[in-house]
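Everything below belongs to structure_22.cif, which stores mmCIF, C-alpha atoms.
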data_data
loop_
_atom_site.group_PDB
_atom_site.id
_atom_site.type_symbol
_atom_site.label_atom_id
_atom_site.label_comp_id
_atom_site.auth_asym_id
_atom_site.auth_seq_id
_atom_site.Cartn_x
_atom_site.Cartn_y
_atom_site.Cartn_z
ATOM 1 C CA MET M 1 44.851 21.375 -20.289
ATOM 2 C CA ASP M 2 45.329 23.064 -23.645
ATOM 3 C CA GLU M 3 41.624 22.645 -24.332
ATOM 4 C CA VAL M 4 40.743 24.373 -21.061
ATOM 5 C CA GLY M 5 43.148 27.155 -21.909
ATOM 6 C CA ARG M 6 41.488 27.651 -25.286
ATOM 7 C CA LEU M 7 38.090 27.692 -23.590
ATOM 8 C CA VAL M 8 39.257 30.400 -21.199
ATOM 9 C CA ARG M 9 40.577 32.518 -24.047
ATOM 10 C CA ARG M 10 37.381 32.089 -26.081
ATOM 11 C CA LEU M 11 35.220 33.121 -23.138
ATOM 12 C CA ALA M 12 37.424 36.066 -22.357
ATOM 13 C CA GLU M 13 37.277 37.246 -25.969
ATOM 14 C CA ALA M 14 33.547 36.634 -26.336
ATOM 15 C CA ALA M 15 32.581 38.373 -23.097
ATOM 16 C CA PRO M 16 35.499 40.336 -21.694
ATOM 17 C CA VAL M 17 35.536 40.366 -17.912
ATOM 18 C CA GLU M 18 35.898 43.796 -16.369
ATOM 19 C CA VAL M 19 38.162 44.017 -13.355
ATOM 20 C CA VAL M 20 39.380 46.950 -11.345
ATOM 21 C CA ASP M 21 42.625 48.369 -12.676
ATOM 22 C CA PRO M 22 45.062 48.370 -9.739
ATOM 23 C CA GLY M 23 46.840 51.258 -11.398
ATOM 24 C CA ALA M 24 50.383 51.889 -12.472
ATOM 25 C CA LYS M 25 53.352 50.252 -10.756
ATOM 26 C CA LEU M 26 56.734 51.829 -10.329
ATOM 27 C CA SER M 27 58.332 48.860 -12.063
ATOM 28 C CA ASP M 28 56.038 49.018 -15.137
ATOM 29 C CA VAL M 29 57.787 48.833 -18.451
ATOM 30 C CA GLY M 30 56.102 50.363 -21.499
ATOM 31 C CA ASP M 31 52.448 49.300 -21.752
ATOM 32 C CA GLU M 32 52.716 46.847 -18.827
ATOM 33 C CA GLN M 33 49.796 48.427 -16.952
ATOM 34 C CA GLU M 34 47.489 47.698 -19.899
ATOM 35 C CA ARG M 35 48.919 44.187 -20.303
ATOM 36 C CA ARG M 36 48.448 43.543 -16.580
ATOM 37 C CA LEU M 37 44.806 44.615 -16.725
ATOM 38 C CA ARG M 38 44.104 42.258 -19.635
ATOM 39 C CA SER M 39 45.859 39.449 -17.782
ATOM 40 C CA LEU M 40 43.757 40.065 -14.682
ATOM 41 C CA GLY M 41 40.667 39.873 -16.904
ATOM 42 C CA ARG M 42 41.819 36.477 -18.175
ATOM 43 C CA PHE M 43 42.449 35.430 -14.591
ATOM 44 C CA ARG M 44 38.868 36.347 -13.679
ATOM 45 C CA ALA M 45 37.593 34.463 -16.733
ATOM 46 C CA ALA M 46 39.697 31.439 -15.801
ATOM 47 C CA LEU M 47 38.168 31.411 -12.326
ATOM 48 C CA ASP M 48 34.695 31.466 -13.850
ATOM 49 C CA VAL M 49 35.581 28.625 -16.213
ATOM 50 C CA GLU M 50 37.114 26.685 -13.329
ATOM 51 C CA ASP M 51 33.749 26.715 -11.564
ATOM 52 C CA GLN M 52 31.925 25.694 -14.753
ATOM 53 C CA VAL M 53 34.353 22.860 -15.484
ATOM 54 C CA ALA M 54 34.190 21.595 -11.908
ATOM 55 C CA GLU M 55 30.380 21.612 -11.984
ATOM 56 C CA ALA M 56 30.292 19.847 -15.356
ATOM 57 C CA ALA M 57 32.823 17.256 -14.169
ATOM 58 C CA MET M 58 30.736 16.561 -11.060
ATOM 59 C CA ARG M 59 27.637 16.027 -13.203
ATOM 60 C CA GLN M 60 29.508 13.701 -15.550
ATOM 61 C CA THR M 61 30.937 11.753 -12.616
ATOM 62 C CA ALA M 62 27.519 11.360 -10.993
ATOM 63 C CA GLU M 63 25.938 10.268 -14.287
ATOM 64 C CA ALA M 64 28.707 7.741 -14.942
ATOM 65 C CA ALA M 65 28.421 6.377 -11.399
ATOM 66 C CA GLU M 66 24.644 5.969 -11.730
ATOM 67 C CA GLU M 67 24.941 4.325 -15.144
ATOM 68 C CA SER M 68 27.521 1.900 -13.749
ATOM 69 C CA VAL M 69 25.154 0.882 -10.953
ATOM 70 C CA TRP M 70 22.288 0.438 -13.424
ATOM 71 C CA LEU M 71 24.664 -1.886 -15.281
ATOM 72 C CA GLY M 72 25.163 -3.992 -12.159
ATOM 73 C CA ALA M 73 28.079 -2.325 -10.371
ATOM 74 C CA SER M 74 27.978 -2.272 -6.574
ATOM 75 C CA LEU M 75 29.223 0.401 -4.201
ATOM 76 C CA ALA M 76 32.206 -1.871 -3.597
ATOM 77 C CA ASP M 77 32.965 -1.725 -7.327
ATOM 78 C CA LEU M 78 32.787 2.070 -7.251
ATOM 79 C CA SER M 79 35.052 2.225 -4.219
ATOM 80 C CA ALA M 80 37.599 0.023 -6.015
ATOM 81 C CA VAL M 81 37.711 2.595 -8.826
ATOM 82 C CA THR M 82 37.800 5.673 -6.592
ATOM 83 C CA GLY M 83 40.188 4.204 -4.043
ATOM 84 C CA ARG M 84 37.831 5.248 -1.279
ATOM 85 C CA THR M 85 35.468 3.372 0.995
ATOM 86 C CA ARG M 86 31.926 2.300 0.139
ATOM 87 C CA GLN M 87 30.748 4.681 2.838
ATOM 88 C CA ALA M 88 32.435 7.541 0.980
ATOM 89 C CA ALA M 89 30.673 6.551 -2.254
ATOM 90 C CA ARG M 90 27.357 6.255 -0.418
ATOM 91 C CA LYS M 91 27.840 9.701 1.136
ATOM 92 C CA ARG M 92 28.790 11.360 -2.142
ATOM 93 C CA TRP M 93 26.027 9.712 -4.202
ATOM 94 C CA PRO M 94 23.266 8.844 -1.708
ATOM 95 C CA GLU M 95 20.751 8.093 -4.474
ATOM 96 C CA LEU M 96 22.814 5.155 -5.726
ATOM 97 C CA GLY M 97 21.640 2.905 -2.908
ATOM 98 C CA ASP M 98 18.109 3.110 -4.300
ATOM 99 C CA VAL M 99 19.333 2.473 -7.844
ATOM 100 C CA TYR M 100 21.354 -0.534 -6.658
ATOM 101 C CA ARG M 101 18.369 -2.134 -4.912
ATOM 102 C CA ARG M 102 16.112 -1.623 -7.919
ATOM 103 C CA ARG M 103 18.688 -2.940 -10.390
ATOM 104 C CA LYS M 104 19.465 -5.974 -8.222
ATOM 105 C CA TRP M 105 15.794 -6.930 -7.967
ATOM 106 C CA LEU M 106 15.071 -6.290 -11.626
ATOM 107 C CA GLY M 107 18.080 -8.366 -12.671
ATOM 108 C CA ASN M 108 16.662 -11.388 -10.881
ATOM 109 C CA HIS M 109 13.091 -11.029 -12.146
ATOM 110 C CA VAL M 110 13.160 -10.105 -15.836
ATOM 111 C CA GLU M 111 11.218 -13.231 -16.848
ATOM 112 C CA ASP M 112 8.711 -12.878 -13.990
ATOM 113 C CA ILE M 113 8.000 -9.266 -14.934
ATOM 114 C CA SER M 114 7.618 -10.089 -18.612
ATOM 115 C CA TYR M 115 5.275 -13.006 -17.891
ATOM 116 C CA MET M 116 2.981 -11.250 -15.412
ATOM 117 C CA ALA M 117 2.940 -7.994 -17.383
ATOM 118 C CA GLY M 118 2.039 -9.940 -20.518
ATOM 119 C CA LEU M 119 -0.706 -11.806 -18.683
ATOM 120 C CA LEU M 120 -2.112 -8.532 -17.370
ATOM 121 C CA ALA M 121 -1.997 -6.958 -20.835
ATOM 122 C CA SER M 122 -3.793 -9.928 -22.409
ATOM 123 C CA HIS M 123 -6.696 -9.633 -19.944
ATOM 124 C CA ALA M 124 -6.794 -5.836 -19.768
ATOM 125 C CA ASP M 125 -10.130 -5.639 -21.594
ATOM 126 C CA ASP M 126 -11.707 -7.437 -18.636
ATOM 127 C CA LEU M 127 -10.239 -4.936 -16.167
ATOM 128 C CA VAL M 128 -11.482 -1.675 -17.667
ATOM 129 C CA PRO M 129 -12.849 0.547 -14.892
ATOM 130 C CA THR M 130 -16.247 2.213 -14.982
ATOM 131 C CA ARG M 131 -14.582 5.601 -14.658
ATOM 132 C CA GLY M 132 -11.232 6.682 -16.036
ATOM 133 C CA HIS M 133 -11.496 4.425 -19.077
ATOM 134 C CA GLY M 134 -9.249 6.644 -21.218
ATOM 135 C CA THR M 135 -6.463 6.862 -18.643
ATOM 136 C CA PHE M 136 -6.555 3.113 -18.062
ATOM 137 C CA MET M 137 -6.344 2.280 -21.766
ATOM 138 C CA LYS M 138 -3.398 4.668 -22.218
ATOM 139 C CA LEU M 139 -1.595 2.777 -19.467
ATOM 140 C CA VAL M 140 -2.449 -0.533 -21.121
ATOM 141 C CA ARG M 141 -1.005 0.748 -24.401
ATOM 142 C CA ARG M 142 2.148 1.802 -22.570
ATOM 143 C CA LEU M 143 2.290 -1.609 -20.918
ATOM 144 C CA ARG M 144 2.093 -3.435 -24.242
ATOM 145 C CA GLU M 145 4.728 -1.184 -25.760
ATOM 146 C CA GLY M 146 6.920 -1.696 -22.713
ATOM 147 C CA ILE M 147 6.588 -5.473 -22.964
ATOM 148 C CA GLN M 148 7.658 -5.409 -26.615
ATOM 149 C CA ARG M 149 10.613 -3.194 -25.751
ATOM 150 C CA CYS M 150 11.545 -5.492 -22.867
ATOM 151 C CA GLU M 151 11.495 -8.559 -25.114
ATOM 152 C CA ALA M 152 13.767 -6.825 -27.604
ATOM 153 C CA ASP M 153 16.075 -5.353 -24.940
ATOM 154 C CA PHE M 154 16.626 -8.656 -23.168
ATOM 155 C CA ALA M 155 16.856 -10.925 -26.195
ATOM 156 C CA ALA M 156 19.970 -13.093 -26.339
ATOM 157 C CA ASP M 157 21.469 -11.010 -29.160
ATOM 158 C CA ALA M 158 20.348 -7.620 -27.831
ATOM 159 C CA ARG M 159 22.833 -4.753 -27.871
ATOM 160 C CA SER M 160 22.612 -1.393 -26.175
ATOM 161 C CA ASP M 161 25.690 0.529 -27.264
ATOM 162 C CA GLU M 162 24.187 4.001 -27.477
ATOM 163 C CA HIS M 163 22.535 4.028 -24.040
ATOM 164 C CA PRO M 164 23.938 0.991 -22.211
ATOM 165 C CA ALA M 165 21.696 1.234 -19.133
ATOM 166 C CA ALA M 166 18.480 2.265 -20.899
ATOM 167 C CA ARG M 167 17.015 -1.260 -20.836
ATOM 168 C CA TRP M 168 17.124 -1.325 -17.039
ATOM 169 C CA ARG M 169 15.615 2.137 -16.640
ATOM 170 C CA ASP M 170 12.854 1.175 -19.078
ATOM 171 C CA LEU M 171 12.182 -2.067 -17.207
ATOM 172 C CA ASP M 172 12.028 -0.169 -13.918
ATOM 173 C CA ASP M 173 9.568 2.282 -15.463
ATOM 174 C CA LEU M 174 7.476 -0.647 -16.713
ATOM 175 C CA VAL M 175 7.095 -1.956 -13.159
ATOM 176 C CA ASN M 176 7.233 1.143 -11.002
ATOM 177 C CA VAL M 177 5.132 3.462 -13.177
ATOM 178 C CA THR M 178 3.084 1.598 -15.786
ATOM 179 C CA LEU M 179 2.279 -1.602 -13.907
ATOM 180 C CA ARG M 180 1.590 0.375 -10.749
ATOM 181 C CA GLY M 181 -0.723 2.742 -12.630
ATOM 182 C CA ILE M 182 -2.751 -0.108 -14.120
ATOM 183 C CA ILE M 183 -3.125 -1.844 -10.768
ATOM 184 C CA GLU M 184 -4.258 1.363 -9.101
ATOM 185 C CA THR M 185 -6.821 2.248 -11.791
ATOM 186 C CA ALA M 186 -8.114 -1.192 -12.819
ATOM 187 C CA GLY M 187 -11.785 -1.961 -12.377
ATOM 188 C CA LYS M 188 -13.293 -5.088 -10.881
ATOM 189 C CA PRO M 189 -12.147 -8.180 -12.827
ATOM 190 C CA LYS M 190 -14.865 -9.582 -15.076
ATOM 191 C CA THR M 191 -13.326 -13.051 -15.433
ATOM 192 C CA PRO M 192 -11.322 -15.413 -13.192
ATOM 193 C CA GLU M 193 -8.399 -15.096 -15.621
ATOM 194 C CA ALA M 194 -8.409 -11.310 -15.313
ATOM 195 C CA ASP M 195 -8.595 -11.629 -11.533
ATOM 196 C CA PHE M 196 -5.598 -13.984 -11.534
ATOM 197 C CA ALA M 197 -3.617 -11.633 -13.789
ATOM 198 C CA LEU M 198 -4.361 -8.614 -11.588
ATOM 199 C CA HIS M 199 -3.562 -10.557 -8.419
ATOM 200 C CA GLY M 200 -0.274 -11.806 -9.873
ATOM 201 C CA ALA M 201 0.782 -8.355 -11.074
ATOM 202 C CA THR M 202 -0.059 -6.921 -7.651
ATOM 203 C CA GLY M 203 2.187 -9.555 -6.109
ATOM 204 C CA VAL M 204 5.064 -8.627 -8.413
ATOM 205 C CA LEU M 205 4.693 -4.943 -7.551
ATOM 206 C CA GLY M 206 4.485 -5.719 -3.832
ATOM 207 C CA TYR M 207 7.678 -7.774 -4.065
ATOM 208 C CA TYR M 208 9.362 -4.904 -5.917
ATOM 209 C CA ASP M 209 8.330 -2.378 -3.267
ATOM 210 C CA HIS M 210 9.514 -4.611 -0.442
ATOM 211 C CA ALA M 211 12.869 -5.392 -2.034
ATOM 212 C CA THR M 212 13.672 -1.826 -3.054
ATOM 213 C CA LYS M 213 12.737 0.054 0.108
ATOM 214 C CA PRO M 214 15.644 1.526 2.106
ATOM 215 C CA ASP M 215 17.053 -0.701 4.837
ATOM 216 C CA ASP M 216 16.073 1.801 7.517
ATOM 217 C CA ALA M 217 12.530 2.308 6.168
#

Reformat the file's structure so that it appears as structure tokens.
Amino acid sequence: MDEVGRLVRRLAEAAPVEVVDPGAKLSDVGDEQERRLRSLGRFRAALDVEDQVAEAAMRQTAEAAEESVWLGASLADLSAVTGRTRQAARKRWPELGDVYRRRKWLGNHVEDISYMAGLLASHADDLVPTRGHGTFMKLVRRLREGIQRCEADFAADARSDEHPAARWRDLDDLVNVTLRGIIETAGKPKTPEADFALHGATGVLGYYDHATKPDDA
């Protein structure tokens, strides 16, 4: 509370808020009219800060809720913390249902993703399209980098203290963006091995799409 009070005073001093002077009062003592006007200015500044603090708190709450779900929390876990129902959590943060489905699927398929993505990367030279060669190779480079990051992120001794949920967001990006991009832009396979790799990766992506679509879709 003291910190908020200091923030209000700093804002009021940095950019004084002008308010209408209600004028003198019969009960004013000395310079009370001037003091009252300054106090009303602080009141206006406090209202402005109240809105800013509330907005910032809502953003922080939403970010913390999303990070918790990326780290495996369910809506039931959130409701246990908030003391409200899962329906209330779902209504307040509707996007968390999508995050929960993606995280749940990813958590059960880390090895499958790593294997099929690695297989696709190893046969990428036999999948280069006739057109869009540059775009395809950029995606392949991203895929290889993503695989290396995945191996490091999910190693037995891996730690993620600075951004605890980053590994899951990166893994989701590997499947939903990079893998999808390669599948959509790949050319006709030149070898049976490349065909198998592309077919397997397409199966992984199809499974991802099926498992992560909304229940009412």

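Compared by their closest atoms to Arg102 of chain M, and using all atoms listed in the file, the residues M:Val69, M:Val53, M:Ala117, M:Leu143 rank with M:Val69 nearest.
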
Note to self: Just to confirm, what's the straight-line distance from atom CA of Ala64 of chain M to atom CA of Asp77 of chain M in Å (one decimal)?
What the structure shows: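 Atom CA of Asp77 of chain M lies 12.9 Å from atom CA of Ala64 of chain M.
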
Next item on the list: With a distance cut-off of 10 Å and all atoms listed in the file, select the neighbouring residues of Phe154 of chain M, excluding the residue or stretch itself and same-chain residues fewer than 3 positions from it, and output the selection as a ChimeraX atom specification.
Entry: /M:110-111,149-151,157-160,167-168,171

Notebook entry, point to check: Please, what distance in Å, to one decimal, runs between atom CA of Ala186 of chain M and atom CA of Thr212 of chain M?
Noted result: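 A separation of 23.9 Å between them.
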
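Counting only C-alpha atoms, the residue from M:Arg141, M:Lys213, M:His199, M:Arg92 that sits nearest to Leu174 of chain M is M:Arg141.
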
Check: In Å, how far is it from atom CA of Val177 of chain M to atom CA of Ala156 of chain M?
Finding: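 It comes out at 25.8 Å.
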
Note to self: Calculated over all atoms listed in the file, which of the candidates M:Arg10, M:Arg36, M:Lys91, M:Arg103 has the smallest distance to Pro22 of chain M?
What the structure shows: M:Arg36

Notebook entry, point to check: If we count all atoms listed in the file, what is near Trp70 of chain M at a cut-off of 10 Å, once residues fewer than 4 positions away on the same chain are taken out, given as a list in words?
Noted result: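 The residues that qualify are Ala64, Ala65, Glu66, Ser74, Leu96, Val99, Tyr100, Arg101, Arg102, Arg103, Lys104, Gly107, Pro164, Ala165, Ala166, Arg167, Trp168 and Arg169 of chain M.
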
Notebook entry, point to check: Leaving out Gly181 of chain M and any residue of its chain fewer than 4 positions from it, which residues lie within 12 Å of it when counting all atoms listed in the file, given as a list of chain:residue names?
Noted result: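 Counting only the stated atoms, we get M:Gly132, M:Thr135, M:Phe136, M:Met137, M:Lys138, M:Leu139, M:Val140, M:Arg141, M:Arg142, M:Leu143, M:Asp173, M:Leu174, M:Val175, M:Asn176, M:Val177, M:Thr185, M:Ala186, M:Leu198, M:Ala201, M:Thr202, M:Leu205.
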
Limit the output to C-alpha atoms and give segment 114-215 of chain M as a CSV table (one decimal), in the first residue's frame.
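For reference, out00.csv as written:
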chain,number,residue,atom,x,y,z
M,114,SER,CA,11.7,-35.4,-31.5
M,115,TYR,CA,12.0,-38.7,-33.4
M,116,MET,CA,9.8,-37.7,-36.4
M,117,ALA,CA,11.1,-34.2,-36.6
M,118,GLY,CA,14.6,-35.5,-36.6
M,119,LEU,CA,13.8,-38.0,-39.3
M,120,LEU,CA,12.2,-35.3,-41.4
M,121,ALA,CA,15.3,-33.0,-40.9
M,122,SER,CA,17.7,-35.8,-41.9
M,123,HIS,CA,15.8,-36.4,-45.2
M,124,ALA,CA,15.0,-32.8,-45.9
M,125,ASP,CA,17.4,-32.6,-48.9
M,126,ASP,CA,15.2,-35.1,-50.6
M,127,LEU,CA,12.1,-33.0,-50.1
M,128,VAL,CA,13.2,-29.7,-51.5
M,129,PRO,CA,10.5,-28.3,-53.7
M,130,THR,CA,10.9,-27.1,-57.2
M,131,ARG,CA,9.7,-23.6,-56.2
M,132,GLY,CA,10.1,-21.9,-52.9
M,133,HIS,CA,13.5,-23.5,-52.2
M,134,GLY,CA,14.7,-20.6,-50.0
M,135,THR,CA,11.6,-20.6,-47.8
M,136,PHE,CA,11.7,-24.4,-47.4
M,137,MET,CA,15.4,-24.4,-46.4
M,138,LYS,CA,14.8,-21.6,-43.9
M,139,LEU,CA,12.1,-23.8,-42.3
M,140,VAL,CA,14.5,-26.8,-42.3
M,141,ARG,CA,17.1,-24.7,-40.5
M,142,ARG,CA,14.5,-23.7,-38.0
M,143,LEU,CA,13.5,-27.3,-37.6
M,144,ARG,CA,17.1,-28.4,-36.9
M,145,GLU,CA,17.6,-25.6,-34.4
M,146,GLY,CA,14.3,-26.5,-32.7
M,147,ILE,CA,15.3,-30.1,-32.4
M,148,GLN,CA,18.5,-29.2,-30.7
M,149,ARG,CA,16.7,-26.9,-28.4
M,150,CYS,CA,14.1,-29.6,-27.6
M,151,GLU,CA,16.9,-32.1,-26.8
M,152,ALA,CA,18.5,-29.6,-24.4
M,153,ASP,CA,15.2,-28.5,-22.9
M,154,PHE,CA,13.9,-32.0,-22.1
M,155,ALA,CA,17.2,-33.5,-21.0
M,156,ALA,CA,17.1,-35.2,-17.6
M,157,ASP,CA,19.1,-32.5,-16.0
M,158,ALA,CA,17.5,-29.6,-17.8
M,159,ARG,CA,16.5,-26.5,-15.9
M,160,SER,CA,14.3,-23.6,-16.9
M,161,ASP,CA,14.4,-21.1,-14.0
M,162,GLU,CA,14.3,-17.9,-16.0
M,163,HIS,CA,11.3,-18.8,-18.2
M,164,PRO,CA,9.8,-21.9,-16.7
M,165,ALA,CA,7.3,-22.6,-19.5
M,166,ALA,CA,9.4,-21.6,-22.5
M,167,ARG,CA,10.3,-25.2,-23.3
M,168,TRP,CA,6.6,-26.1,-23.9
M,169,ARG,CA,6.0,-23.0,-26.0
M,170,ASP,CA,9.0,-23.7,-28.1
M,171,LEU,CA,8.0,-27.3,-28.6
M,172,ASP,CA,4.5,-26.2,-29.6
M,173,ASP,CA,6.0,-23.8,-32.1
M,174,LEU,CA,8.2,-26.6,-33.4
M,175,VAL,CA,5.1,-28.7,-34.2
M,176,ASN,CA,2.4,-26.1,-35.0
M,177,VAL,CA,4.6,-23.6,-37.0
M,178,THR,CA,7.8,-25.2,-38.2
M,179,LEU,CA,6.8,-28.7,-38.8
M,180,ARG,CA,3.5,-27.6,-40.4
M,181,GLY,CA,5.4,-25.2,-42.7
M,182,ILE,CA,7.7,-27.9,-43.9
M,183,ILE,CA,4.9,-30.3,-44.6
M,184,GLU,CA,3.0,-27.6,-46.5
M,185,THR,CA,5.9,-26.5,-48.7
M,186,ALA,CA,7.8,-29.8,-49.2
M,187,GLY,CA,8.3,-31.1,-52.7
M,188,LYS,CA,7.7,-34.6,-54.0
M,189,PRO,CA,9.9,-37.1,-52.0
M,190,LYS,CA,12.8,-38.3,-54.0
M,191,THR,CA,13.5,-41.4,-51.9
M,192,PRO,CA,11.3,-43.9,-50.0
M,193,GLU,CA,13.0,-42.8,-46.8
M,194,ALA,CA,12.0,-39.2,-47.4
M,195,ASP,CA,8.5,-40.3,-48.2
M,196,PHE,CA,8.3,-42.2,-45.0
M,197,ALA,CA,9.6,-39.2,-43.0
M,198,LEU,CA,7.1,-36.8,-44.6
M,199,HIS,CA,4.3,-39.3,-44.1
M,200,GLY,CA,5.2,-39.8,-40.4
M,201,ALA,CA,5.5,-36.1,-39.7
M,202,THR,CA,2.2,-35.5,-41.4
M,203,GLY,CA,0.7,-38.1,-39.1
M,204,VAL,CA,2.1,-36.4,-36.0
M,205,LEU,CA,0.7,-33.0,-37.1
M,206,GLY,CA,-2.7,-34.5,-37.9
M,207,TYR,CA,-2.7,-36.1,-34.4
M,208,TYR,CA,-1.8,-32.7,-32.9
M,209,ASP,CA,-4.6,-31.0,-34.8
M,210,HIS,CA,-7.2,-33.6,-33.8
M,211,ALA,CA,-6.2,-33.6,-30.1
M,212,THR,CA,-6.0,-29.8,-29.7
M,213,LYS,CA,-9.2,-28.8,-31.5
M,214,PRO,CA,-12.0,-27.4,-29.2
M,215,ASP,CA,-14.5,-29.9,-28.0
